[in-house]
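Novice: run.cif is reproduced in full below (mmCIF, C-alpha atoms).
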```cif
data_model
loop_
_atom_site.label_atom_id
_atom_site.label_comp_id
_atom_site.auth_asym_id
_atom_site.auth_seq_id
_atom_site.Cartn_x
_atom_site.Cartn_y
_atom_site.Cartn_z
CA MET A 265 96.11 115.17 153.41
CA ARG A 266 99.29 113.16 153.10
CA HIS A 267 100.36 112.05 149.62
CA LEU A 268 102.91 109.39 148.73
CA ILE A 269 104.55 109.70 145.31
CA THR A 270 106.51 106.70 144.08
CA GLY A 271 109.20 107.72 141.62
CA GLY A 272 108.91 111.17 143.17
CA SER A 273 112.36 112.32 142.02
CA GLY A 274 111.57 111.79 138.33
CA PHE A 275 110.45 114.46 135.88
CA ILE A 276 106.70 114.12 136.44
CA GLY A 277 106.85 112.82 140.02
CA ASN A 278 108.87 115.88 141.01
CA LEU A 279 106.25 118.19 139.46
CA ILE A 280 103.39 116.41 141.23
CA ALA A 281 105.24 116.76 144.55
CA ARG A 282 105.81 120.47 144.13
CA ARG A 283 102.28 121.18 142.94
CA LEU A 284 100.80 119.34 145.94
CA ARG A 285 103.20 121.19 148.27
CA GLU A 286 102.05 124.52 146.79
CA ARG A 287 98.49 123.51 147.69
CA GLY A 288 99.49 123.02 151.32
CA GLU A 289 99.41 119.21 151.25
CA GLU A 290 101.85 116.94 153.08
CA VAL A 291 104.08 115.17 150.57
CA ARG A 292 106.25 112.09 150.91
CA LEU A 293 108.43 110.71 148.12
CA LEU A 294 109.67 107.20 147.55
CA ASP A 295 112.53 106.74 145.12
CA VAL A 296 115.94 105.12 144.72
CA TRP A 297 117.61 108.54 144.46
CA SER A 298 117.02 111.93 146.05
CA ASP A 299 116.77 115.08 143.96
CA PRO A 300 119.20 117.59 145.56
CA SER A 301 116.78 120.43 144.76
CA ARG A 302 113.95 118.79 146.76
CA PRO A 303 112.44 121.28 149.25
CA PRO A 304 113.27 120.22 152.83
CA ASP A 305 109.62 120.01 153.88
CA ILE A 306 108.99 117.23 151.33
CA GLU A 307 109.69 113.95 153.11
CA PHE A 308 111.88 111.38 151.35
CA VAL A 309 112.01 107.61 151.74
CA GLU A 310 114.86 105.92 149.92
CA SER A 311 113.52 102.63 148.60
CA SER A 312 112.81 100.70 145.43
CA VAL A 313 109.21 99.75 144.67
CA LEU A 314 110.55 96.17 144.69
CA ASP A 315 111.34 96.46 148.40
CA ARG A 316 108.03 95.56 150.02
CA GLU A 317 109.19 96.57 153.49
CA GLY A 318 110.29 100.00 152.24
CA VAL A 319 107.02 100.51 150.37
CA ALA A 320 104.99 99.47 153.42
CA ARG A 321 106.96 101.89 155.59
CA ALA A 322 106.32 104.73 153.16
CA MET A 323 102.55 103.95 153.08
CA ARG A 324 102.00 104.68 156.77
CA GLU A 325 99.29 107.29 157.38
CA VAL A 326 99.01 108.09 153.65
CA ASP A 327 95.72 109.29 152.16
CA VAL A 328 96.52 109.23 148.42
CA VAL A 329 99.14 107.19 146.54
CA HIS A 330 100.53 108.54 143.26
CA HIS A 331 102.28 105.68 141.49
CA ASN A 332 104.87 107.04 139.05
CA ALA A 333 107.83 104.72 139.62
CA ALA A 334 108.69 102.89 136.40
CA LEU A 335 111.47 102.07 134.02
CA VAL A 336 110.59 104.35 131.11
CA ALA A 337 110.92 103.48 127.42
CA GLN A 338 114.19 105.39 127.11
CA THR A 339 115.99 102.99 129.47
CA GLY A 340 115.83 100.10 127.00
CA ALA A 341 115.52 97.86 130.05
CA GLY A 342 114.38 94.66 128.32
CA ARG A 343 113.33 92.04 130.85
CA ARG A 344 113.72 94.49 133.74
CA TYR A 345 110.66 96.38 132.50
CA TRP A 346 108.54 93.53 133.79
CA GLU A 347 110.33 93.42 137.12
CA VAL A 348 109.79 97.11 137.93
CA ASN A 349 106.70 98.07 135.93
CA VAL A 350 104.66 94.99 136.81
CA GLU A 351 106.04 93.41 139.98
CA GLY A 352 106.84 96.83 141.46
CA THR A 353 103.31 97.96 140.66
CA ARG A 354 101.96 94.82 142.32
CA ILE A 355 103.81 95.62 145.55
CA VAL A 356 102.66 99.26 145.53
CA ALA A 357 99.04 98.25 144.84
CA GLU A 358 98.96 95.54 147.51
CA GLU A 359 100.57 97.74 150.14
CA ALA A 360 98.22 100.61 149.32
CA ALA A 361 95.27 98.26 149.81
CA ARG A 362 96.78 96.90 153.02
CA ALA A 363 97.33 100.44 154.34
CA ARG A 364 93.74 101.35 153.42
CA VAL A 365 94.68 104.55 151.62
CA GLY A 366 91.87 106.68 150.27
CA ALA A 367 92.71 106.67 146.54
CA VAL A 368 95.37 105.80 143.96
CA VAL A 369 96.50 107.76 140.90
CA HIS A 370 98.54 105.70 138.43
CA LEU A 371 100.66 107.33 135.72
CA SER A 372 100.78 105.22 132.56
CA THR A 373 101.76 105.85 128.92
CA THR A 374 100.63 106.13 125.31
CA ALA A 375 102.70 103.01 124.64
CA VAL A 376 99.83 100.79 125.87
CA TYR A 377 98.09 101.53 122.53
CA GLY A 378 100.99 100.21 120.46
CA ILE A 379 101.07 101.32 116.81
CA PRO A 380 98.77 104.36 116.83
CA PRO A 381 95.68 104.04 114.62
CA ARG A 382 94.58 106.62 112.06
CA GLY A 383 92.64 109.42 113.65
CA ALA A 384 92.36 110.33 117.31
CA ILE A 385 92.95 107.79 120.08
CA THR A 386 89.77 107.54 122.17
CA ALA A 387 88.56 105.61 125.19
CA SER A 388 87.48 102.80 122.85
CA THR A 389 90.79 102.43 121.00
CA PRO A 390 92.15 98.88 121.51
CA LEU A 391 95.18 98.40 123.76
CA ARG A 392 97.77 96.55 121.66
CA PRO A 393 101.32 97.32 122.82
CA VAL A 394 104.01 96.17 120.40
CA GLU A 395 107.23 96.33 122.44
CA PRO A 396 108.43 95.33 125.94
CA TYR A 397 107.93 98.70 127.60
CA GLY A 398 104.32 99.11 126.45
CA ARG A 399 103.47 95.51 127.33
CA SER A 400 104.88 95.94 130.84
CA LYS A 401 102.94 99.17 131.40
CA LEU A 402 99.67 97.63 130.24
CA ALA A 403 100.21 94.63 132.51
CA GLY A 404 100.92 97.05 135.36
CA GLU A 405 97.71 98.97 134.61
CA GLU A 406 95.64 95.78 134.62
CA LEU A 407 97.21 94.55 137.83
CA MET A 408 96.70 97.90 139.58
CA LYS A 409 93.04 97.97 138.54
CA ARG A 410 92.43 94.42 139.73
CA VAL A 411 93.93 95.07 143.17
CA CYS A 412 92.13 98.41 143.58
CA ASP A 413 88.79 96.94 142.47
CA ASP A 414 89.14 94.07 144.95
CA ALA A 415 89.99 96.52 147.75
CA GLY A 416 87.33 99.08 146.80
CA LEU A 417 90.04 101.70 146.17
CA PRO A 418 89.17 104.56 143.77
CA LEU A 419 91.71 104.46 140.91
CA THR A 420 92.56 107.19 138.42
CA THR A 421 94.84 106.23 135.52
CA ILE A 422 96.47 108.99 133.49
CA ARG A 423 98.13 108.37 130.12
CA PRO A 424 100.02 111.48 128.94
CA ARG A 425 101.45 112.12 125.51
CA ALA A 426 105.20 112.81 125.34
CA THR A 427 105.72 115.50 127.96
CA LEU A 428 107.74 118.69 127.50
CA GLY A 429 108.67 121.63 129.70
CA ALA A 430 111.61 123.18 131.51
CA GLY A 431 113.97 120.44 132.63
CA ARG A 432 112.89 117.84 130.06
CA LEU A 433 115.90 116.21 128.45
CA GLY A 434 116.23 112.54 127.42
CA ILE A 435 115.43 112.07 123.74
CA PHE A 436 114.51 115.75 123.34
CA GLN A 437 118.03 116.76 124.38
CA VAL A 438 119.28 115.17 121.14
CA LEU A 439 116.83 117.23 119.08
CA PHE A 440 117.72 120.46 120.88
CA GLU A 441 121.47 119.86 120.62
CA TRP A 442 121.34 119.17 116.90
CA ILE A 443 119.23 122.26 116.20
CA ARG A 444 121.51 124.43 118.31
CA GLU A 445 124.49 123.17 116.32
CA ASN A 446 122.71 123.71 112.96
CA ARG A 447 122.63 119.99 112.14
CA ASN A 448 119.98 118.35 110.01
CA VAL A 449 117.06 116.85 111.94
CA TYR A 450 115.98 113.46 110.66
CA VAL A 451 112.46 112.04 110.74
CA ILE A 452 111.17 108.67 109.58
CA GLY A 453 109.03 109.22 106.49
CA ASP A 454 108.10 112.71 105.35
CA GLY A 455 107.05 113.96 108.80
CA HIS A 456 103.62 115.03 107.52
CA HIS A 457 101.78 113.10 110.20
CA ARG A 458 100.07 114.76 113.16
CA MET A 459 101.97 114.41 116.42
CA GLN A 460 100.67 115.64 119.77
CA PHE A 461 102.67 116.49 122.91
CA VAL A 462 101.65 117.85 126.31
CA HIS A 463 103.30 120.49 128.46
CA ALA A 464 104.19 119.37 131.97
CA TYR A 465 102.26 122.27 133.53
CA ASP A 466 99.13 121.50 131.49
CA LEU A 467 99.46 117.87 132.55
CA MET A 468 99.68 118.99 136.18
CA ASP A 469 96.61 121.21 135.76
CA PHE A 470 94.56 118.26 134.56
CA TYR A 471 96.11 115.95 137.14
CA MET A 472 94.97 118.22 139.98
CA LEU A 473 91.56 118.71 138.34
CA ALA A 474 91.03 114.95 138.20
CA LEU A 475 92.24 114.61 141.79
CA ASP A 476 89.84 117.28 143.05
CA ALA A 477 86.93 115.99 140.97
CA LYS A 478 87.26 112.54 142.58
CA ARG A 479 86.22 110.96 139.30
CA PRO A 480 88.03 107.62 139.00
CA GLY A 481 88.69 106.46 135.47
CA THR A 482 91.28 106.53 132.70
CA TYR A 483 92.25 109.80 131.05
CA ASN A 484 94.34 110.45 127.93
CA VAL A 485 96.07 113.85 128.17
CA GLY A 486 97.57 115.92 125.35
CA THR A 487 97.43 119.48 124.04
CA ASP A 488 94.56 120.56 121.82
CA ARG A 489 96.85 122.58 119.50
CA PHE A 490 99.37 120.68 117.40
CA GLY A 491 100.35 120.19 113.79
CA THR A 492 102.48 117.76 111.85
CA LEU A 493 105.80 116.59 113.25
CA ALA A 494 107.76 118.21 110.41
CA GLY A 495 105.78 121.44 110.70
CA ASP A 496 106.31 121.78 114.44
CA LEU A 497 110.03 120.99 114.08
CA GLU A 498 110.38 123.61 111.35
CA GLU A 499 108.75 126.19 113.65
CA LEU A 500 111.25 125.27 116.36
CA ILE A 501 114.15 125.68 113.94
CA VAL A 502 112.90 129.17 113.04
CA HIS A 503 112.51 130.04 116.73
CA ALA A 504 116.08 128.87 117.40
CA GLY A 505 117.50 130.90 114.51
CA SER A 506 119.09 127.70 113.27
CA THR A 507 120.02 126.63 109.75
CA SER A 508 118.95 123.03 110.46
CA ARG A 509 116.64 121.31 107.97
CA VAL A 510 114.08 118.55 108.54
CA VAL A 511 115.15 115.59 106.42
CA GLY A 512 112.90 112.58 105.81
CA LEU A 513 114.20 109.00 105.69
CA PRO A 514 112.58 106.02 103.90
CA PRO A 515 110.48 104.29 106.62
CA ILE A 516 111.37 100.65 105.88
CA LEU A 517 115.09 101.37 105.59
CA ALA A 518 115.16 103.64 108.66
CA VAL A 519 113.16 101.32 110.92
CA ASN A 520 115.22 98.26 110.01
CA ALA A 521 118.50 100.15 110.44
CA LEU A 522 117.44 101.51 113.82
CA ARG A 523 116.26 98.06 114.93
CA LEU A 524 119.66 96.58 114.06
CA LEU A 525 121.57 99.40 115.75
CA TYR A 526 119.43 99.07 118.87
CA HIS A 527 120.09 95.33 119.18
CA MET A 528 123.81 96.00 118.64
CA ARG A 529 123.60 98.51 121.52
CA LEU A 530 124.81 101.28 119.24
CA SER A 531 121.72 103.50 119.28
CA PRO A 532 119.77 105.12 122.14
CA LEU A 533 116.54 104.94 120.12
CA VAL A 534 114.43 102.15 121.61
CA PRO A 535 111.61 100.16 119.89
CA TRP A 536 108.93 102.56 121.10
CA HIS A 537 110.73 105.35 119.20
CA TYR A 538 111.46 103.71 115.87
CA LEU A 539 108.20 101.74 115.63
CA THR A 540 105.85 104.65 116.30
CA TYR A 541 107.37 108.10 115.72
CA HIS A 542 106.52 108.06 112.02
CA ARG A 543 102.88 107.32 112.84
CA GLU A 544 100.08 109.79 113.51
CA CYS A 545 99.56 109.92 117.27
CA HIS A 546 97.11 112.13 119.12
CA PHE A 547 94.44 111.80 121.80
CA ASP A 548 90.86 112.98 121.62
CA VAL A 549 90.88 115.44 124.54
CA ALA A 550 87.24 116.56 124.18
CA PRO A 551 86.22 114.66 127.38
CA LEU A 552 88.91 116.57 129.32
CA LEU A 553 87.84 119.93 127.93
CA GLU A 554 84.28 119.14 129.01
CA MET A 555 85.58 118.73 132.56
CA GLY A 556 86.81 122.34 132.46
CA TRP A 557 90.46 121.73 131.60
CA LYS A 558 92.07 124.06 129.05
CA PRO A 559 95.68 123.45 127.99
CA ARG A 560 97.74 126.63 127.73
CA TRP A 561 100.57 125.34 125.56
CA SER A 562 100.60 124.33 121.89
CA ASN A 563 103.20 121.94 120.49
CA ALA A 564 105.13 124.88 119.05
CA ASP A 565 105.04 126.82 122.34
CA MET A 566 106.25 123.93 124.48
CA LEU A 567 109.01 122.94 122.07
CA SER A 568 110.30 126.53 122.03
CA GLU A 569 110.17 126.86 125.83
CA SER A 570 111.92 123.52 126.36
CA TYR A 571 114.58 124.42 123.80
CA ASP A 572 115.24 127.79 125.48
CA TRP A 573 115.61 126.08 128.88
CA TYR A 574 118.04 123.60 127.35
CA CYS A 575 120.20 126.38 125.89
CA VAL A 576 120.44 128.17 129.24
CA HIS A 577 120.73 125.24 131.63
CA ALA A 578 121.84 122.06 129.90
CA ALA A 579 123.73 122.79 126.67
CA GLY A 580 127.01 122.72 128.60
CA GLY A 581 126.32 119.25 129.94
CA GLN A 582 125.65 120.36 133.54
CA SER A 583 122.14 118.91 133.82
CA PRO A 584 121.27 116.59 136.75
CA GLU A 585 121.71 112.83 136.63
CA GLY A 586 119.17 110.39 138.04
CA SER A 587 115.95 110.43 136.05
CA PRO A 588 116.15 109.38 132.35
CA HIS A 589 113.82 112.22 131.38
CA ARG A 590 115.88 114.77 133.32
CA SER A 591 119.33 113.57 132.22
CA PRO A 592 121.44 113.89 129.06
CA LEU A 593 121.24 110.99 126.65
CA LYS A 594 124.26 109.00 125.53
CA GLN A 595 123.96 109.35 121.76
CA ARG A 596 126.36 106.56 120.72
CA VAL A 597 126.22 106.14 116.92
CA LEU A 598 124.07 109.26 116.63
CA LYS A 599 127.21 111.29 117.38
CA VAL A 600 128.68 110.04 114.11
CA VAL A 601 125.47 110.85 112.25
CA LYS A 602 125.48 114.33 113.76
CA ARG A 603 129.02 115.03 112.52
CA LEU A 604 127.93 114.08 109.01
CA SER A 605 124.75 116.17 109.12
#
```
Show me the file's structure as structure tokens.

Specialist:
Amino acid sequence: MRHLITGGSGFIGNLIARRLRERGEEVRLLDVWSDPSRPPDIEFVESSVLDREGVARAMREVDVVHHNAALVAQTGAGRRYWEVNVEGTRIVAEEAARARVGAVVHLSTTAVYGIPPRGAITASTPLRPVEPYGRSKLAGEELMKRVCDDAGLPLTTIRPRATLGAGRLGIFQVLFEWIRENRNVYVIGDGHHRMQFVHAYDLMDFYMLALDAKRPGTYNVGTDRFGTLAGDLEELIVHAGSTSRVVGLPPILAVNALRLLYHMRLSPLVPWHYLTYHRECHFDVAPLLEMGWKPRWSNADMLSESYDWYCVHAAGGQSPEGSPHRSPLKQRVLKVVKRLS
């Protein structure tokens, strides 16, 4: 089978491409930049999802479309979220229908739920995004479903929790850098809320399981072993042999300060971060376990592995540019905070 992966040079798109290649599938990527480490037998089409002609060209003779291209929360893209995450999704969906592909897999986000409720997020949890990124992703989900339903295209939507693993940088790079340098690690509130992540390899295991099962639907993916945010960070600090401490900040003061700094373009922390990271956030993964999926990585395990990779490969600032989740983050005012920590 031939697979087209939009956003195929990004952190997750790159993993999907390599996993499919390992299975002997034909893989084609569409992206605005080419990963220099891409294996030569993975085809590459340089195009934005906003270029309908480029998308149509990439769709030729494709069996399955994996739609990953998006401006992620970390970009702080404002109005451009709608342009790429909604209009880009519209073009991909319409061209997939026009090309009569066999199926579509759409990667979405926890942000469509907005402020996480108490307890586990389930299939019945209302979708109430509270910031531009989440609203654009929900609109993209709804548009993709409408086009696929009209065309009779099987659609699988996957919403992962924050994803970790070798090569993951972005906001986690800040955490790893501060711990490596024995700086205090700040959380909003006391950090005693449950926070779930997912390892990239576990995500890929479920992704391929859902693909093989040919069971269209929406799936929330996260590890089944996690603790509180403060507890998992303290375990990471011990693993790193660091003298860092987890320090809580008053929620109202911290959120308002971060909101102001964001609008002044002084902080890399976007609304999705400061509005939700002091809230309990975890998926009910029982339906996935019933399908035969078993995550191998706990929060503590994946944080430690990602930290170790950072220390070996990225602590010197030599990590690749291109994808926000695979690139170092410009810390701006956080550099000043770090010096004082």

Novice: Would you give me, as a tab-separated table, each residue of range 458-544 of chain A having an atom within 9 Å of an atom of range 373-379 of chain A, along with its shortest atom pair and that distance in Å to one decimal, using all atoms listed in the file and sorting by chain and residue number?

Specialist:
```
residue	atom	partner	partner_atom	distance
A:Asn484	CA	A:Thr374	CA	8.1
A:Trp536	CA	A:Ala375	CA	7.2
A:Leu539	CA	A:Ile379	CA	7.2
A:Thr540	CA	A:Ile379	CA	5.8
A:Arg543	CA	A:Ile379	CA	7.4
```

Novice: Could you give me, as a PyMOL selection string, the residues that sit within 12 Å of (119.1, 126.1, 113.7) in the file's coordinates, counting all atoms listed in the file?

Specialist: chain A and resi 439-449+497-510+571

Novice: Given only C-alpha atoms, how would the per-residue table for range 448-485 of chain A near range 266-280 of chain A read, listing every residue at most 12 Å away with its closest atom pair and distance in Å to one decimal, sorted by chain and number, as CSV?

Specialist:
```
residue,atom,partner,partner_atom,distance
A:Val462,CA,A:Ile276,CA,11.9
A:His463,CA,A:Ile276,CA,10.8
A:Ala464,CA,A:Ile276,CA,7.3
A:Tyr465,CA,A:Leu279,CA,8.2
A:Asp466,CA,A:Leu279,CA,11.2
A:Leu467,CA,A:Ile276,CA,9.0
A:Met468,CA,A:Ile280,CA,6.8
A:Asp469,CA,A:Ile280,CA,9.9
A:Phe470,CA,A:Ile280,CA,11.2
A:Tyr471,CA,A:Ile280,CA,8.4
A:Met472,CA,A:Ile280,CA,8.7
A:Leu475,CA,A:Ile280,CA,11.3
```

Novice: Using only C-alpha atoms, which protein or nucleic acid residues come within 10 Å of range 519-525 of chain A? Drop anything in the same chain fewer than 6 positions from it, and give the result as a PDB file with C-alpha atoms, in the frame of the given file.

Specialist:
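The result, written out as result-v9.pdb:
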```pdb
ATOM      1  CA  ILE A 452     111.170 108.670 109.580  1.00  0.00           C
ATOM      2  CA  GLY A 453     109.030 109.220 106.490  1.00  0.00           C
ATOM      3  CA  LEU A 513     114.200 109.000 105.690  1.00  0.00           C
ATOM      4  CA  SER A 531     121.720 103.500 119.280  1.00  0.00           C
ATOM      5  CA  PRO A 532     119.770 105.120 122.140  1.00  0.00           C
ATOM      6  CA  LEU A 533     116.540 104.940 120.120  1.00  0.00           C
ATOM      7  CA  VAL A 534     114.430 102.150 121.610  1.00  0.00           C
ATOM      8  CA  PRO A 535     111.610 100.160 119.890  1.00  0.00           C
ATOM      9  CA  HIS A 537     110.730 105.350 119.200  1.00  0.00           C
ATOM     10  CA  TYR A 538     111.460 103.710 115.870  1.00  0.00           C
ATOM     11  CA  LEU A 539     108.200 101.740 115.630  1.00  0.00           C
ATOM     12  CA  THR A 540     105.850 104.650 116.300  1.00  0.00           C
ATOM     13  CA  HIS A 542     106.520 108.060 112.020  1.00  0.00           C
ATOM     14  CA  ARG A 596     126.360 106.560 120.720  1.00  0.00           C
ATOM     15  CA  VAL A 597     126.220 106.140 116.920  1.00  0.00           C
TER      16      VAL A 597
END
```

Novice: Per residue of range 486-553 of chain A within 12 Å of range 419-432 of chain A, which atom pair is closest and at what distance in Å (one decimal), using only C-alpha atoms, listed by chain and increasing number, as a tab-separated table?

Specialist:
```
residue	atom	partner	partner_atom	distance
A:Gly486	CA	A:Arg425	CA	5.4
A:Thr487	CA	A:Arg425	CA	8.5
A:Asp488	CA	A:Arg425	CA	11.5
A:Phe490	CA	A:Arg425	CA	12.0
A:Trp536	CA	A:Ala426	CA	11.7
A:His537	CA	A:Ala426	CA	11.1
A:Tyr541	CA	A:Ala426	CA	10.9
A:Cys545	CA	A:Arg425	CA	8.7
A:His546	CA	A:Arg425	CA	7.7
A:Phe547	CA	A:Arg425	CA	7.9
A:Asp548	CA	A:Arg425	CA	11.3
A:Val549	CA	A:Pro424	CA	10.9
A:Leu552	CA	A:Ile422	CA	11.5
```

Novice: Quote the spacing between CA of Gly495 in chain A and CA of Asp565 in chain A in Å to one decimal place.

Specialist: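 Atom-to-atom, CA of Gly495 in chain A and CA of Asp565 in chain A are spaced 12.8 Å apart.
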
Novice: In terms of the shortest atom-to-atom distance over only C-alpha atoms, which of A:Val485, A:Val511, A:Val365, A:Val394 is closest to Val451 in chain A?

Specialist: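 Among A:Val485, A:Val511, A:Val365, A:Val394, it is A:Val511 that comes nearest to Val451 in chain A.
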
Novice: Pick the closest to Ala415 in chain A from A:Phe461, A:Ala334, A:Met323, A:Glu358: which is it, counting only C-alpha atoms?

Specialist: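 Of the candidates, the smallest distance to Ala415 in chain A is held by A:Glu358.
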
Novice: Expand the PyMOL selection byres ((chain A and resi 455) around 6) into the individual residues it matches in the shown file, reporting them as a list of chain:residue names.

Specialist: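 That selection, the PyMOL selection byres ((chain A and resi 455) around 6), comes back as A:Gly453, A:Asp454, A:His456, A:His457, A:Leu493, A:Ala494.
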
Novice: Just checking: using all atoms listed in the file, which residue out of A:Ala578, A:Thr492, A:Gln437, A:Gly398 ends up closest to Gly340 in chain A?

Specialist: A:Gly398

Novice: Counting all atoms listed in the file, which of A:Val313, A:Cys575, A:Val438, A:Ala367 gets nearest to Lys602 in chain A?

Specialist: A:Val438
